[in-house]
>>> print(open('final37.cif').read())   # mmCIF, C-alpha atoms
data_input
loop_
_atom_site.label_atom_id
_atom_site.label_comp_id
_atom_site.auth_asym_id
_atom_site.auth_seq_id
_atom_site.Cartn_x
_atom_site.Cartn_y
_atom_site.Cartn_z
CA MET A 211 -1.71 -23.63 -5.78
CA SER A 212 -3.20 -20.46 -4.28
CA LYS A 213 -6.90 -19.96 -4.79
CA PRO A 214 -8.09 -16.71 -6.37
CA PHE A 215 -9.05 -14.11 -3.78
CA LYS A 216 -12.56 -12.85 -4.42
CA PHE A 217 -13.59 -9.36 -3.38
CA LYS A 218 -17.04 -7.86 -3.90
CA GLU A 219 -16.19 -6.15 -7.19
CA PHE A 220 -13.03 -7.91 -8.43
CA THR A 221 -11.09 -11.15 -8.20
CA LEU A 222 -7.33 -11.51 -7.72
CA HIS A 223 -5.40 -14.46 -9.08
CA GLN A 224 -2.25 -14.76 -6.98
CA ASP A 225 -0.66 -18.15 -7.66
CA ARG A 226 2.41 -16.50 -9.28
CA CYS A 227 2.84 -13.75 -6.67
CA ALA A 228 5.33 -14.23 -3.84
CA MET A 229 3.24 -12.05 -1.53
CA LYS A 230 -0.40 -13.03 -1.39
CA VAL A 231 -3.31 -10.74 -0.54
CA GLY A 232 -2.95 -9.77 3.12
CA THR A 233 -4.49 -7.53 5.73
CA ASP A 234 -1.84 -4.79 5.35
CA GLY A 235 -2.56 -4.10 1.68
CA VAL A 236 -6.32 -4.20 2.14
CA LEU A 237 -6.10 -1.88 5.16
CA LEU A 238 -4.02 0.65 3.24
CA GLY A 239 -6.21 0.52 0.12
CA ALA A 240 -9.35 1.04 2.18
CA TRP A 241 -7.91 3.62 4.60
CA VAL A 242 -6.13 6.13 2.36
CA PRO A 243 -8.33 9.22 1.86
CA VAL A 244 -9.38 9.77 -1.76
CA ASP A 245 -11.41 12.62 -3.21
CA ASN A 246 -12.06 14.22 -6.58
CA SER A 247 -8.80 16.18 -6.46
CA ILE A 248 -6.92 12.93 -7.07
CA ASP A 249 -6.68 12.28 -10.80
CA SER A 250 -3.46 10.24 -10.94
CA ILE A 251 -2.24 7.44 -8.65
CA LEU A 252 0.93 5.33 -8.51
CA ASP A 253 0.97 2.05 -6.56
CA ILE A 254 4.61 1.15 -5.82
CA GLY A 255 5.29 -2.60 -5.60
CA THR A 256 1.79 -3.64 -6.61
CA GLY A 257 2.17 -7.43 -6.22
CA THR A 258 -1.25 -8.88 -7.04
CA GLY A 259 -2.53 -5.40 -7.89
CA VAL A 260 -4.85 -5.31 -4.88
CA ILE A 261 -4.26 -1.68 -3.81
CA ALA A 262 -4.47 -0.30 -7.36
CA LEU A 263 -7.74 -2.18 -7.90
CA MET A 264 -9.19 -0.97 -4.59
CA LEU A 265 -8.37 2.62 -5.56
CA ALA A 266 -9.91 2.11 -9.00
CA GLN A 267 -13.09 1.01 -7.22
CA ARG A 268 -12.98 3.90 -4.72
CA SER A 269 -11.90 6.84 -6.89
CA ASN A 270 -12.53 8.61 -10.17
CA ALA A 271 -8.80 8.91 -10.95
CA THR A 272 -8.25 8.64 -14.70
CA ILE A 273 -4.67 7.35 -14.35
CA ILE A 274 -3.88 4.51 -11.98
CA ASP A 275 -0.35 3.27 -12.61
CA ALA A 276 1.42 0.46 -10.79
CA LEU A 277 5.01 -0.73 -10.54
CA GLU A 278 6.21 -4.29 -10.03
CA ILE A 279 9.81 -5.57 -10.25
CA ASP A 280 9.10 -9.32 -10.18
CA ALA A 281 8.26 -10.66 -13.66
CA ASP A 282 5.67 -13.23 -12.55
CA ALA A 283 3.88 -10.82 -10.22
CA TYR A 284 3.97 -8.15 -12.93
CA GLU A 285 2.30 -10.48 -15.45
CA GLN A 286 -0.30 -11.56 -12.92
CA SER A 287 -1.17 -8.01 -11.88
CA VAL A 288 -1.62 -7.07 -15.56
CA GLU A 289 -4.03 -10.00 -15.98
CA ASN A 290 -5.90 -9.00 -12.80
CA PHE A 291 -6.16 -5.42 -14.08
CA GLU A 292 -7.42 -6.50 -17.52
CA ALA A 293 -10.04 -8.79 -15.99
CA SER A 294 -11.44 -5.99 -13.81
CA LEU A 295 -14.13 -3.40 -14.49
CA TRP A 296 -11.48 -0.66 -14.61
CA GLY A 297 -8.92 -2.11 -17.03
CA ASP A 298 -8.94 1.11 -19.12
CA ARG A 299 -7.64 3.14 -16.14
CA LEU A 300 -5.03 0.67 -14.85
CA PHE A 301 -1.50 0.22 -16.18
CA CYS A 302 1.45 -1.68 -14.73
CA TYR A 303 5.14 -0.99 -15.40
CA HIS A 304 7.67 -3.81 -15.06
CA ALA A 305 10.48 -1.92 -13.34
CA SER A 306 12.10 -1.16 -10.02
CA PHE A 307 11.07 2.05 -8.30
CA GLN A 308 14.67 3.26 -8.52
CA GLU A 309 14.61 2.89 -12.34
CA PHE A 310 11.14 4.37 -12.63
CA MET A 311 11.80 7.49 -10.58
CA THR A 312 14.89 8.41 -12.62
CA GLU A 313 13.22 7.88 -16.02
CA ILE A 314 9.71 9.27 -15.53
CA ASP A 315 8.92 12.99 -15.59
CA ASP A 316 5.25 12.56 -14.68
CA GLN A 317 3.91 13.56 -11.29
CA TYR A 318 1.09 11.93 -9.35
CA ASP A 319 -1.58 13.21 -6.98
CA LEU A 320 -1.29 10.09 -4.81
CA LEU A 321 1.60 7.70 -4.29
CA ILE A 322 0.83 4.59 -2.28
CA SER A 323 2.91 1.62 -1.16
CA ASN A 324 2.70 -1.45 1.02
CA PRO A 325 6.48 -1.70 1.04
CA PRO A 326 8.84 -4.54 1.99
CA PHE A 327 9.85 -3.93 5.58
CA TYR A 328 11.48 -6.93 7.19
CA THR A 329 14.80 -5.30 7.94
CA ASP A 330 16.07 -8.08 10.22
CA ASP A 331 17.66 -11.42 9.46
CA HIS A 332 14.66 -13.60 8.68
CA LYS A 333 15.83 -14.33 5.14
CA THR A 334 14.65 -17.60 3.64
CA LEU A 335 15.62 -19.73 0.66
CA ASP A 336 12.73 -18.26 -1.34
CA LYS A 337 14.35 -15.32 -3.13
CA LYS A 338 11.12 -14.00 -4.63
CA ARG A 339 9.35 -13.93 -1.31
CA ASP A 340 12.35 -12.28 0.29
CA MET A 341 12.40 -9.58 -2.38
CA ALA A 342 8.74 -8.88 -1.72
CA ARG A 343 9.27 -8.86 2.06
CA PHE A 344 12.68 -7.32 2.72
CA GLU A 345 13.52 -3.67 2.74
CA ASP A 346 16.88 -4.01 0.99
CA ALA A 347 15.03 -4.36 -2.36
CA LEU A 348 13.48 -0.92 -1.78
CA PRO A 349 14.99 1.01 1.14
CA PHE A 350 12.68 3.60 2.68
CA GLU A 351 15.23 6.29 1.84
CA HIS A 352 14.78 5.51 -1.88
CA LEU A 353 11.02 5.34 -1.49
CA LEU A 354 10.84 8.76 0.16
CA VAL A 355 13.27 10.52 -2.18
CA GLY A 356 11.31 9.13 -5.14
CA ALA A 357 8.01 10.10 -3.56
CA SER A 358 9.18 13.68 -3.10
CA LYS A 359 10.19 13.82 -6.78
CA LEU A 360 7.07 12.18 -8.21
CA LEU A 361 4.41 13.94 -6.12
CA SER A 362 2.49 16.88 -7.52
CA ASP A 363 2.53 20.05 -5.39
CA GLN A 364 -0.68 19.13 -3.59
CA GLY A 365 0.05 15.41 -3.78
CA LYS A 366 -0.05 12.90 -0.96
CA PHE A 367 2.02 9.81 -0.16
CA SER A 368 0.58 6.92 1.85
CA VAL A 369 2.27 3.88 3.33
CA ILE A 370 1.78 1.14 5.93
CA VAL A 371 4.76 0.32 8.15
CA PRO A 372 5.52 -1.60 11.33
CA TYR A 373 4.71 0.61 14.31
CA ARG A 374 8.31 0.28 15.56
CA GLU A 375 9.44 2.02 12.33
CA GLU A 376 6.94 4.90 12.52
CA GLU A 377 9.25 7.46 14.11
CA ARG A 378 12.15 6.65 11.76
CA ILE A 379 9.95 6.93 8.66
CA ILE A 380 8.49 10.27 9.78
CA ASP A 381 12.01 11.58 10.43
CA LEU A 382 13.26 10.39 7.02
CA ALA A 383 10.22 11.93 5.32
CA SER A 384 10.83 15.30 6.96
CA GLN A 385 14.29 15.35 5.33
CA VAL A 386 12.62 15.41 1.90
CA THR A 387 9.97 17.93 3.10
CA LEU A 388 7.14 15.42 3.47
CA PHE A 389 5.16 15.65 6.70
CA PRO A 390 2.52 13.43 8.31
CA GLN A 391 -1.05 14.62 7.80
CA LYS A 392 -2.80 11.55 9.21
CA ILE A 393 -1.60 8.61 11.34
CA THR A 394 -3.70 5.57 12.25
CA ARG A 395 -2.15 2.99 14.58
CA VAL A 396 -3.46 -0.53 14.15
CA LYS A 397 -3.94 -3.16 16.86
CA GLY A 398 -5.17 -6.72 16.45
CA THR A 399 -7.31 -6.51 19.60
CA ASP A 400 -7.92 -3.95 22.31
CA THR A 401 -5.33 -5.56 24.61
CA SER A 402 -2.64 -6.35 22.02
CA GLU A 403 0.31 -4.12 21.15
CA ILE A 404 0.17 -1.64 18.28
CA LYS A 405 1.39 -3.56 15.24
CA ARG A 406 1.16 -1.22 12.24
CA SER A 407 1.06 2.47 11.41
CA LEU A 408 -0.92 3.80 8.46
CA LEU A 409 0.71 7.06 7.40
CA LEU A 410 -0.41 9.82 5.04
CA PHE A 411 2.16 12.50 4.10
CA ASN A 412 1.94 15.77 2.21
CA ARG A 413 4.09 18.88 1.81
CA GLU A 414 2.27 20.92 4.48
CA HIS A 415 3.88 21.10 7.91
CA GLU A 416 0.89 20.82 10.21
CA LYS A 417 -0.20 18.89 13.26
CA PRO A 418 -1.26 15.39 12.11
CA GLU A 419 -4.61 13.81 12.87
CA ILE A 420 -3.85 10.70 14.98
CA ASP A 421 -6.22 7.84 15.78
CA GLU A 422 -6.31 4.10 16.39
CA LEU A 423 -7.94 1.13 14.64
CA ILE A 424 -8.64 -2.16 16.39
CA ILE A 425 -9.33 -5.11 14.06
CA GLU A 426 -11.05 -7.69 16.30
CA ASN A 427 -13.06 -7.76 19.52
CA ALA A 428 -12.51 -11.53 19.66
CA ARG A 429 -11.36 -14.20 17.19
CA HIS A 430 -13.22 -13.59 13.88
CA GLU A 431 -15.45 -11.02 15.58
CA TYR A 432 -14.52 -7.78 13.87
CA THR A 433 -14.88 -4.30 15.30
CA LYS A 434 -17.31 -1.78 13.81
CA GLY A 435 -14.35 0.38 12.76
CA TYR A 436 -12.74 -2.44 10.79
CA ILE A 437 -16.04 -3.53 9.22
CA ASP A 438 -16.87 0.05 8.18
CA LEU A 439 -13.42 0.39 6.60
CA THR A 440 -13.44 -2.86 4.63
CA LYS A 441 -17.10 -3.68 3.96
CA ASP A 442 -17.02 -2.41 0.37
CA PHE A 443 -14.39 -5.05 -0.40
CA TYR A 444 -14.55 -8.22 1.69
CA LEU A 445 -17.36 -10.59 0.71
CA LYS A 446 -18.28 -11.50 4.28
CA MET A 447 -18.26 -8.02 5.81
#
>>> encode(input="final37.cif", output="structure tokens")
Amino acid sequence: MSKPFKFKEFTLHQDRCAMKVGTDGVLLGAWVPVDNSIDSILDIGTGTGVIALMLAQRSNATIIDALEIDADAYEQSVENFEASLWGDRLFCYHASFQEFMTEIDDQYDLLISNPPFYTDDHKTLDKKRDMARFEDALPFEHLLVGASKLLSDQGKFSVIVPYREEERIIDLASQVTLFPQKITRVKGTDTSEIKRSLLLFNREHEKPEIDELIIENARHEYTKGYIDLTKDFYLKM
């Protein structure tokens, strides 16, 4: 049974979630820019609820909604929300994004997602884990069309993707008039290949700010950039 994951200001129970707390979700929740203009947030595919809870800790948004299709993960995220300091601001819907985007008329100032993105043939016998990990449950095309519909005029959409998918995602986003505002490329170490891209989109067509984040100098020796990003959350940072 998975142990609860303890952060500085909240704890996540994750024994019923196919996808456990991982670096990608924490990176995205810590990295995405938030300011006082953001009053409503939607976390798409919340899993344990980690990103929604990080944004509740970081922002003053009065509405922080989350979506989760898997029944067990949905129930667990609701329990994690209710046990937190911000339970009055957090709400989870048990629905697919495709259902949600056709039925909801609300718009959000920030949409955020750590989406499933294993598009290749690494399917396993664990259907729940596959649904959480594979893009066919939520194709990027659906994610971007829905994002364009659900975003307020000044709204932003943020996502973490494999670096190899960065160009394709930016191209798809441009087709629904969403354009990159900020791109951070993530490497495990200085000498390793770029593994992930953190992307922030909005409706303004401008030159994006591009930078790089390296996680470790050596095994378990984290860079200043990574520590600065995550120190409000991880216990040992």
>>> closest_residue(input="final37.cif", among="A:Asp298, A:Asp381, A:Asp400, A:Asp249", to="A:Tyr318", atoms="all atoms listed in the file")
A:Asp249
>>> closest_residue(input="final37.cif", among="A:Thr394, A:Thr256, A:Gln267, A:Thr399", to="A:Lys218", atoms="only C-alpha atoms")
A:Gln267
>>> resolve_selection(input="final37.cif", expression="the PyMOL selection byres ((chain A and resi 355) around 12)", output="ChimeraX atom specification")
/A:307-308,311-312,348-354,356-361,367,379,382-388
>>> atom_distance(input="final37.cif", atom1="atom CA of A:Tyr444", atom2="atom CA of A:Arg374")
28.1 Å
>>> resolve_selection(input="final37.cif", expression="the PyMOL selection byres ((chain A and resi 440) around 12)", output="PyMOL selection string")
chain A and resi 217-218+233-242+264+268+425+432-439+441-447
>>> closest_residue(input="final37.cif", among="A:Ser212, A:Thr221, A:Asn324, A:Ser407", to="A:Glu289", atoms="all atoms listed in the file")
A:Thr221
>>> residues_around(input="final37.cif", residues="A:Val231", least_positions_apart="6", cutoff="8 Å", atoms="only C-alpha atoms", output="PDB file with C-alpha atoms, in the coordinates of the input")
ATOM      1  CA  PHE A 215      -9.050 -14.110  -3.780  1.00  0.00           C
ATOM      2  CA  GLN A 224      -2.250 -14.760  -6.980  1.00  0.00           C
ATOM      3  CA  THR A 258      -1.250  -8.880  -7.040  1.00  0.00           C
ATOM      4  CA  VAL A 260      -4.850  -5.310  -4.880  1.00  0.00           C
TER       5      VAL A 260
END
>>> residues_around(input="final37.cif", residues="A:His223", least_positions_apart="3", cutoff="12 Å", atoms="only C-alpha atoms", output="ChimeraX atom specification")
/A:211-217,220,226-231,257-260,282-294
>>> atom_distance(input="final37.cif", atom1="atom CA of A:Glu278", atom2="atom CA of A:Lys397")
28.8 Å
>>> atom_distance(input="final37.cif", atom1="atom CA of A:Val244", atom2="atom CA of A:Ala281")
29.5 Å
>>> residues_near_point(input="final37.cif", point="(-3.3, 23.2, -8.1)", cutoff="12 Å", atoms="all atoms listed in the file", output="list in words")
Ser247, Ile248, Asp249, Asp319, Ser362, Asp363, Gln364 and Gly365 of chain A
>>> resolve_selection(input="final37.cif", expression="the PyMOL selection byres ((chain A and resi 272) around 10)", output="PDB file with C-alpha atoms, in the frame of the given file")
ATOM      1  CA  ILE A 248      -6.920  12.930  -7.070  1.00  0.00           C
ATOM      2  CA  ASP A 249      -6.680  12.280 -10.800  1.00  0.00           C
ATOM      3  CA  SER A 250      -3.460  10.240 -10.940  1.00  0.00           C
ATOM      4  CA  ILE A 251      -2.240   7.440  -8.650  1.00  0.00           C
ATOM      5  CA  ALA A 266      -9.910   2.110  -9.000  1.00  0.00           C
ATOM      6  CA  SER A 269     -11.900   6.840  -6.890  1.00  0.00           C
ATOM      7  CA  ASN A 270     -12.530   8.610 -10.170  1.00  0.00           C
ATOM      8  CA  ALA A 271      -8.800   8.910 -10.950  1.00  0.00           C
ATOM      9  CA  ILE A 273      -4.670   7.350 -14.350  1.00  0.00           C
ATOM     10  CA  ILE A 274      -3.880   4.510 -11.980  1.00  0.00           C
ATOM     11  CA  ASP A 275      -0.350   3.270 -12.610  1.00  0.00           C
ATOM     12  CA  TRP A 296     -11.480  -0.660 -14.610  1.00  0.00           C
ATOM     13  CA  ASP A 298      -8.940   1.110 -19.120  1.00  0.00           C
ATOM     14  CA  ARG A 299      -7.640   3.140 -16.140  1.00  0.00           C
ATOM     15  CA  LEU A 300      -5.030   0.670 -14.850  1.00  0.00           C
TER      16      LEU A 300
END
>>> residues_around(input="final37.cif", residues="A:Pro372", least_positions_apart="2", cutoff="12 Å", atoms="all atoms listed in the file", output="list in words")
Asp234, Asn324, Pro325, Pro326, Phe327, Tyr328, Thr329, Glu345, Val369, Ile370, Arg374, Glu375, Glu376, Glu377, Arg378, Ile379, Thr394, Arg395, Val396, Lys397, Glu403, Ile404, Lys405, Arg406, Ser407, Leu408 and Leu409 of chain A
>>> closest_residue(input="final37.cif", among="A:Glu422, A:Asp253, A:Glu416, A:Glu431", to="A:Ser323", atoms="only C-alpha atoms")
A:Asp253
>>> build_atoms(input="final37.cif", residues="stretch 430-441 of chain A", atoms="all heavy atoms", output="PDB file, keeping the file's coordinate frame")
ATOM      1  N   HIS A 430     -12.232 -13.668  14.973  1.00  0.00           N
ATOM      2  CA  HIS A 430     -13.220 -13.590  13.880  1.00  0.00           C
ATOM      3  C   HIS A 430     -14.447 -12.760  14.213  1.00  0.00           C
ATOM      4  O   HIS A 430     -15.461 -12.839  13.518  1.00  0.00           O
ATOM      5  CB  HIS A 430     -13.636 -15.004  13.418  1.00  0.00           C
ATOM      6  CG  HIS A 430     -12.485 -15.812  12.892  1.00  0.00           C
ATOM      7  ND1 HIS A 430     -11.585 -15.315  11.982  1.00  0.00           N
ATOM      8  CD2 HIS A 430     -12.075 -17.070  13.172  1.00  0.00           C
ATOM      9  CE1 HIS A 430     -10.674 -16.233  11.721  1.00  0.00           C
ATOM     10  NE2 HIS A 430     -10.946 -17.311  12.441  1.00  0.00           N
ATOM     11  N   GLU A 431     -14.362 -11.960  15.268  1.00  0.00           N
ATOM     12  CA  GLU A 431     -15.450 -11.020  15.580  1.00  0.00           C
ATOM     13  C   GLU A 431     -14.881  -9.615  15.405  1.00  0.00           C
ATOM     14  O   GLU A 431     -14.158  -9.111  16.257  1.00  0.00           O
ATOM     15  CB  GLU A 431     -15.924 -11.229  17.020  1.00  0.00           C
ATOM     16  CG  GLU A 431     -17.111 -10.351  17.397  1.00  0.00           C
ATOM     17  CD  GLU A 431     -17.332 -10.301  18.907  1.00  0.00           C
ATOM     18  OE1 GLU A 431     -17.381 -11.372  19.542  1.00  0.00           O
ATOM     19  OE2 GLU A 431     -17.424  -9.175  19.439  1.00  0.00           O
ATOM     20  N   TYR A 432     -15.183  -9.026  14.257  1.00  0.00           N
ATOM     21  CA  TYR A 432     -14.520  -7.780  13.870  1.00  0.00           C
ATOM     22  C   TYR A 432     -15.178  -6.559  14.493  1.00  0.00           C
ATOM     23  O   TYR A 432     -16.377  -6.538  14.728  1.00  0.00           O
ATOM     24  CB  TYR A 432     -14.489  -7.674  12.340  1.00  0.00           C
ATOM     25  CG  TYR A 432     -13.685  -8.783  11.709  1.00  0.00           C
ATOM     26  CD1 TYR A 432     -14.310  -9.844  11.069  1.00  0.00           C
ATOM     27  CD2 TYR A 432     -12.298  -8.793  11.802  1.00  0.00           C
ATOM     28  CE1 TYR A 432     -13.575 -10.886  10.514  1.00  0.00           C
ATOM     29  CE2 TYR A 432     -11.556  -9.827  11.263  1.00  0.00           C
ATOM     30  CZ  TYR A 432     -12.196 -10.872  10.624  1.00  0.00           C
ATOM     31  OH  TYR A 432     -11.453 -11.898  10.094  1.00  0.00           O
ATOM     32  N   THR A 433     -14.369  -5.536  14.719  1.00  0.00           N
ATOM     33  CA  THR A 433     -14.880  -4.300  15.300  1.00  0.00           C
ATOM     34  C   THR A 433     -15.675  -3.523  14.248  1.00  0.00           C
ATOM     35  O   THR A 433     -15.488  -3.709  13.036  1.00  0.00           O
ATOM     36  CB  THR A 433     -13.741  -3.388  15.786  1.00  0.00           C
ATOM     37  OG1 THR A 433     -12.923  -3.023  14.650  1.00  0.00           O
ATOM     38  CG2 THR A 433     -12.879  -4.087  16.838  1.00  0.00           C
ATOM     39  N   LYS A 434     -16.527  -2.621  14.728  1.00  0.00           N
ATOM     40  CA  LYS A 434     -17.310  -1.780  13.810  1.00  0.00           C
ATOM     41  C   LYS A 434     -16.374  -0.947  12.930  1.00  0.00           C
ATOM     42  O   LYS A 434     -16.625  -0.765  11.731  1.00  0.00           O
ATOM     43  CB  LYS A 434     -18.248  -0.879  14.603  1.00  0.00           C
ATOM     44  CG  LYS A 434     -19.153  -0.038  13.699  1.00  0.00           C
ATOM     45  CD  LYS A 434     -20.105   0.847  14.484  1.00  0.00           C
ATOM     46  CE  LYS A 434     -21.048   1.601  13.535  1.00  0.00           C
ATOM     47  NZ  LYS A 434     -20.336   2.492  12.593  1.00  0.00           N
ATOM     48  N   GLY A 435     -15.295  -0.438  13.515  1.00  0.00           N
ATOM     49  CA  GLY A 435     -14.350   0.380  12.760  1.00  0.00           C
ATOM     50  C   GLY A 435     -13.736  -0.373  11.590  1.00  0.00           C
ATOM     51  O   GLY A 435     -13.624   0.149  10.475  1.00  0.00           O
ATOM     52  N   TYR A 436     -13.351  -1.623  11.842  1.00  0.00           N
ATOM     53  CA  TYR A 436     -12.740  -2.440  10.790  1.00  0.00           C
ATOM     54  C   TYR A 436     -13.767  -2.831   9.741  1.00  0.00           C
ATOM     55  O   TYR A 436     -13.481  -2.798   8.535  1.00  0.00           O
ATOM     56  CB  TYR A 436     -12.091  -3.678  11.409  1.00  0.00           C
ATOM     57  CG  TYR A 436     -11.327  -4.524  10.421  1.00  0.00           C
ATOM     58  CD1 TYR A 436     -10.152  -4.055   9.829  1.00  0.00           C
ATOM     59  CD2 TYR A 436     -11.780  -5.784  10.054  1.00  0.00           C
ATOM     60  CE1 TYR A 436      -9.450  -4.824   8.917  1.00  0.00           C
ATOM     61  CE2 TYR A 436     -11.084  -6.559   9.140  1.00  0.00           C
ATOM     62  CZ  TYR A 436      -9.928  -6.078   8.578  1.00  0.00           C
ATOM     63  OH  TYR A 436      -9.231  -6.846   7.665  1.00  0.00           O
ATOM     64  N   ILE A 437     -14.975  -3.178  10.171  1.00  0.00           N
ATOM     65  CA  ILE A 437     -16.040  -3.530   9.220  1.00  0.00           C
ATOM     66  C   ILE A 437     -16.385  -2.338   8.338  1.00  0.00           C
ATOM     67  O   ILE A 437     -16.476  -2.456   7.112  1.00  0.00           O
ATOM     68  CB  ILE A 437     -17.299  -4.036   9.974  1.00  0.00           C
ATOM     69  CG1 ILE A 437     -17.013  -5.400  10.620  1.00  0.00           C
ATOM     70  CG2 ILE A 437     -18.501  -4.141   9.025  1.00  0.00           C
ATOM     71  CD1 ILE A 437     -18.087  -5.863  11.597  1.00  0.00           C
ATOM     72  N   ASP A 438     -16.536  -1.156   8.955  1.00  0.00           N
ATOM     73  CA  ASP A 438     -16.870   0.050   8.180  1.00  0.00           C
ATOM     74  C   ASP A 438     -15.797   0.352   7.132  1.00  0.00           C
ATOM     75  O   ASP A 438     -16.101   0.804   6.028  1.00  0.00           O
ATOM     76  CB  ASP A 438     -17.046   1.251   9.111  1.00  0.00           C
ATOM     77  CG  ASP A 438     -18.336   1.176   9.914  1.00  0.00           C
ATOM     78  OD1 ASP A 438     -19.200   0.330   9.594  1.00  0.00           O
ATOM     79  OD2 ASP A 438     -18.477   1.959  10.880  1.00  0.00           O
ATOM     80  N   LEU A 439     -14.537   0.096   7.508  1.00  0.00           N
ATOM     81  CA  LEU A 439     -13.420   0.390   6.600  1.00  0.00           C
ATOM     82  C   LEU A 439     -13.390  -0.570   5.415  1.00  0.00           C
ATOM     83  O   LEU A 439     -13.108  -0.150   4.289  1.00  0.00           O
ATOM     84  CB  LEU A 439     -12.103   0.298   7.387  1.00  0.00           C
ATOM     85  CG  LEU A 439     -10.853   0.870   6.724  1.00  0.00           C
ATOM     86  CD1 LEU A 439     -10.980   2.372   6.505  1.00  0.00           C
ATOM     87  CD2 LEU A 439      -9.619   0.570   7.579  1.00  0.00           C
ATOM     88  N   THR A 440     -13.681  -1.842   5.652  1.00  0.00           N
ATOM     89  CA  THR A 440     -13.440  -2.860   4.630  1.00  0.00           C
ATOM     90  C   THR A 440     -14.693  -3.457   3.991  1.00  0.00           C
ATOM     91  O   THR A 440     -14.593  -4.283   3.088  1.00  0.00           O
ATOM     92  CB  THR A 440     -12.606  -4.024   5.219  1.00  0.00           C
ATOM     93  OG1 THR A 440     -13.336  -4.612   6.310  1.00  0.00           O
ATOM     94  CG2 THR A 440     -11.250  -3.537   5.722  1.00  0.00           C
ATOM     95  N   LYS A 441     -15.866  -3.015   4.410  1.00  0.00           N
ATOM     96  CA  LYS A 441     -17.100  -3.680   3.960  1.00  0.00           C
ATOM     97  C   LYS A 441     -17.378  -3.550   2.468  1.00  0.00           C
ATOM     98  O   LYS A 441     -18.097  -4.373   1.900  1.00  0.00           O
ATOM     99  CB  LYS A 441     -18.310  -3.181   4.771  1.00  0.00           C
ATOM    100  CG  LYS A 441     -18.652  -1.713   4.574  1.00  0.00           C
ATOM    101  CD  LYS A 441     -19.903  -1.349   5.374  1.00  0.00           C
ATOM    102  CE  LYS A 441     -20.404   0.026   5.050  1.00  0.00           C
ATOM    103  NZ  LYS A 441     -19.784   1.098   5.817  1.00  0.00           N
TER     104      LYS A 441
END
